[in-house]
Each structure stands twice: as structure tokens, then as C-alpha cells.
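Colleague: Pasting a structure here, questions to come.
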Amino acid sequence: MPQSKIAGIGMYVPQNVVTNQDLTQYMDTNDAWIQERTGIKERRYAHRTDETTTTMGLEAAKIAIERAGTTAQDIDFVVFATLSPDYYFPGCGVLVQRALKMKEVGALDIRNQCSGFLYALSVADQFIKTGMYKNILVIGAEKHSFGLDFSTRGRNVSVIFGDGAGAVVLQPTEEKGAGILSTHLHSDGESAEILAMYNPGTHANHWTDEPYADFDDAPIAQMFMSHQMIDHAQNFPFMDGPAVFKKAVVKFPEVILEALDQNGLSPKDLNMLIPHQANLRISQFVQQKMGLTDDQVYNNIQQYGNTTAASVPIALCEAWEQGKIKSGDLVCLAAFGSGFTWASALIRW
Ligand code: COA
């Protein structure tokens, strides 16, 4: 059975740099608070009309395809991870298929938020291993800036997130012990509502004790997105930051150790850990808990903020471009986020 290898990787971030200081025009916040709590100095925001989640994903994809030494016409499957799609439906995968003039290949969208890219990578890995596909394009991209509450009310969430995209092309390799060694996926829906964007949705407050206020006034159940939701800012993401932090610092090490254990390896064998860039304090906590040195962990949240499904491929691409990941290196990708879902992938580069 072949293994999958990352044959090409690319990233794209918008040119527009937004500093912490820039955000103070819109909300009561300050550079010291943001840096101390999250490590973030600046992030990128997409152009309002010229750049979408898909167009950013396309830019990253074109680089990954070229570096893989292949063409868009040779791609035989697309997996696109995002929580900020261009349309509620259809997904971004088909927009990529159209824009790159691909053959009528399968296109799958993944909705696993911060661990979306790792879920996508794992799905693609299975298709390569079974021999079903030979060139799979995996993209993680987000345009968060279009859906955040930039008033003081939303500051605990808005200061954290940024826009960008990363992509890889997976191909089979017969080289023993090379490529993706294993992937590990987990979820616990118990806390689904503590890091979530409830609307638009069909929930009608079914999962909470909140009364569904103006439902009775509607002639039929057409309450996908109501004026009331907008008036109460229920169309923005909600996050209980401290609760997320507490769970993340437990689940990150757990899923990294699971990957290492399954392959008979230990943290000292790791050349590079690429953690999802949720918060620099979370990454530092994980590094310390696992006894890893600064050279064994790559962080770039300082420049880009948390780009959710794009953060792992962006960090992986940057680390590789900077020569911090070389052939034969043991690389672990790990993520944790909304759901909760968490995941890891262990790769012999
Ligand atoms: N600027 C200034 N003050 C802010 C602020 C901001 N952007 N956001 C929140 N505050 C205020 C709060 O209103 C609160 O004020 P109060 O004490 O007067 O009520 C105070 O700062 C502390 O808020 P709290 O939420 O307890 O802060 P915290 O130390 O937990 O840090 C996070 C908040 C969000 C940075 C932190 O909880 C975190 O990083 N959690 C993990 C989030 C994460 O990783 N999300 C992505 C998941 S993939």
C-alpha cells in the first residue's frame, strides 16, 4: 500500500496588514493586552471585494500545484477546509474546480474549524493509501475579517483572528517510512456551544434553554436569520476564551503523544512541531509541557493571528520555505478548536 507525501506546498496572505494599534480605532483594546494574552502583533485582512476565501485558497493552491510538479488538470480530488466559505452553499471546493478549469473531479468541503486542515489531510491520505487518487489538492483558507464584531462587544474574539490560505498537493510514495505516517482525529461535542457561530442556522435554540423569541410571529419557520439575531449580535462568533484555553492545553499534548506513541517515537525525535496557531500562550504551554526546545516548534501567530483552517498549512509552508524543515525530518502537525475537535498528523518529510 502506498503512503501519501506532501509533494507541494503553498500559502497566501493578503497584503493588508492590520496592527493591534489599528484595531483601537474600532474597539476599546490596546496593543499590550493583545500581545500579552495572545502573542499577536498584527494580522492580515483580505480586500473586501477582490479577495474571498476561495480566491486566497486558489493563490495558495497554484503555488502548491507548481511545486508538486503537476498541473491543475492532473488533480483528481479537491478537499477544502474552511469555516468562512464564499457561499453558505455550495462549498468552496467546486469554486476551485471551476476557477482552475479542472476535470469534473470530486470536490469536498470540510467544516472542522481550527482542525479542518488536519481532517482534510486525513481524508486525502486515506484516498491516496487506497490507490483511489494520485494527486489530491488540500486547501485551508479563511476570510474572518468579513464576519467579526469590530465593536468593543466582540473584542475578545475579533482581535485574535486573521485571513489567509495554505494548500498542499498529496501524492503517493512507495518509499518506506516516508510521508504521512499516521493521522489522529477526535471530537467531543459536549462543549459545542462555547466556541461557535450559531447563525445562520436551523437550531431555533433547540440545544440551549434560551426561548426562541420571535418564532411565534413568523408565518412559517423562516427564521434562518432574523432581524432580532442581528440586533443582538447573534450573527457573530461566540467564544468562552478561558474554557477553550483550558481544554486546548490538555488536548494538544494528548494528540501529539498519541501520534508519536503509535509510531514508537517520543518528543525528542521531533524535528518540528507545527501547532495550530490558536494563541501563542497555548503553543508555549504545550512546548513546555512536552519538553520541546524553541527549535522544535514553529509559531507565526505574531504576524498572522489565528487563521483557523489556514493556520497549519501557512505555518508549515513558512517553516519549510525558511529551511526549518528538511528531507527526512520528523514533523508533527496538531490542531484543536471549535466542536471541540482536535487532530494530529505525523509526517516523515
Ligand atoms: N482588549 C482589551 N481587553 C479585553 C479584550 C481586548 N481585546 N478582550 C477581552 N478583554 C477584557 C475582558 O472584557 C475582561 O475584562 P474584565 O476583567 O473587566 O471583565 C478581561 O479582558 C479579561 O477577559 P478574559 O476573557 O478573562 O481574558 P483571558 O485572560 O482569558 O484572555 C483570551 C482572553 C481570549 C485571549 C484567552 O482566553 C484565550 O486565548 N483563550 C483561548 C482562545 C483561543 O485559542 N481561541 C481559538 C481557539 S482555536
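Please note that chains go A, B, ... in the order of the C-alpha cells, that every chain numbers its residues from 1, and that ligands are numbered from 1 in the order shown.
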Please provide as a VMD selection string all residues within 7 Å of stretch 25-36 of chain A, with the sequence filter that same-chain residues fewer than 5 positions apart are discarded (counting only C-alpha atoms).

Modeller: chain A and resid 20 41 150 to 152 155

Colleague: Rounded to one decimal place, report the atom CA of A:Ser311-atom CA of A:Gly162 distance in Å.

Modeller: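 Separation between atom CA of A:Ser311 and atom CA of A:Gly162: 9.4 Å.
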
Colleague: Using only C-alpha atoms, can you tell me which of A:Gln287, A:Thr24, A:Thr54, A:Asn300 comes closest to A:Gln97?

Modeller: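 Of A:Gln287, A:Thr24, A:Thr54, A:Asn300, the one nearest A:Gln97, counting only C-alpha atoms, is A:Thr54.
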
Colleague: As a PyMOL selection string, which residues of stretch 69-196 of chain A does DSSP assign to strand (DSSP E)?

Modeller: chain A and resi 77-81+106-110+136-142+164-173+179-187+195-196

Colleague: Tell me which protein, DNA and RNA residues are within 12 Å of A:Ile282, counting only C-alpha atoms, leaving out same-chain ones fewer than 4 positions away, and put them as a list in words.

Modeller: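 Skipping anything fewer than 4 positions along the chain leaves Arg37, Thr38, Gly39, Gly241, Pro242, Val244, Phe245, Lys246, Lys247, Ala248, Val249, Val250, Lys251, Phe252, Pro253, Pro275, His276, Gln277, Ala278, Val286, Gln287, Gln288, Lys289, Asn299, Ile301, Asn306, Ala335, Phe336 and Gly337 of chain A.
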
Colleague: Between A:Leu23, A:Val123, A:Val78, A:Leu137, which is the closest to ligand 1 once you count only C-alpha atoms and all ligand atoms?

Modeller: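 The answer is A:Leu23, which sits nearest to ligand 1.
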
Colleague: Taking only C-alpha atoms into account, which of A:Asn112, A:Asn279, A:Thr173, A:Thr53 comes nearest A:Tyr304?

Modeller: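 Checking each candidate against A:Tyr304, we get A:Asn279 as the closest.
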
Colleague: Give me the residues near stretch 265-274 of chain A as number ranges by chain, where near means some atom within 10 Å (using only C-alpha atoms) and where sequence neighbours in that chain fewer than 4 positions away do not count.

Modeller: A: 256-261, 283, 287, 290-300, 311-316, 319, 324-326, 328-335, 344-348

Colleague: Using only C-alpha atoms, can you tell me which of A:Ile136, A:Ala124, A:Ala141, A:Ala309 comes closest to A:Ile75?

Modeller: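 Result for the nearest residue to A:Ile75: A:Ile136.
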
Colleague: Extract the full set of alpha helix (DSSP H) residues from stretch 40-288 of chain A according to DSSP on the backbone, and format it as a ChimeraX atom specification.

Modeller: /A:53-67,92-99,116-129,155-158,227-231,241-262,280-288
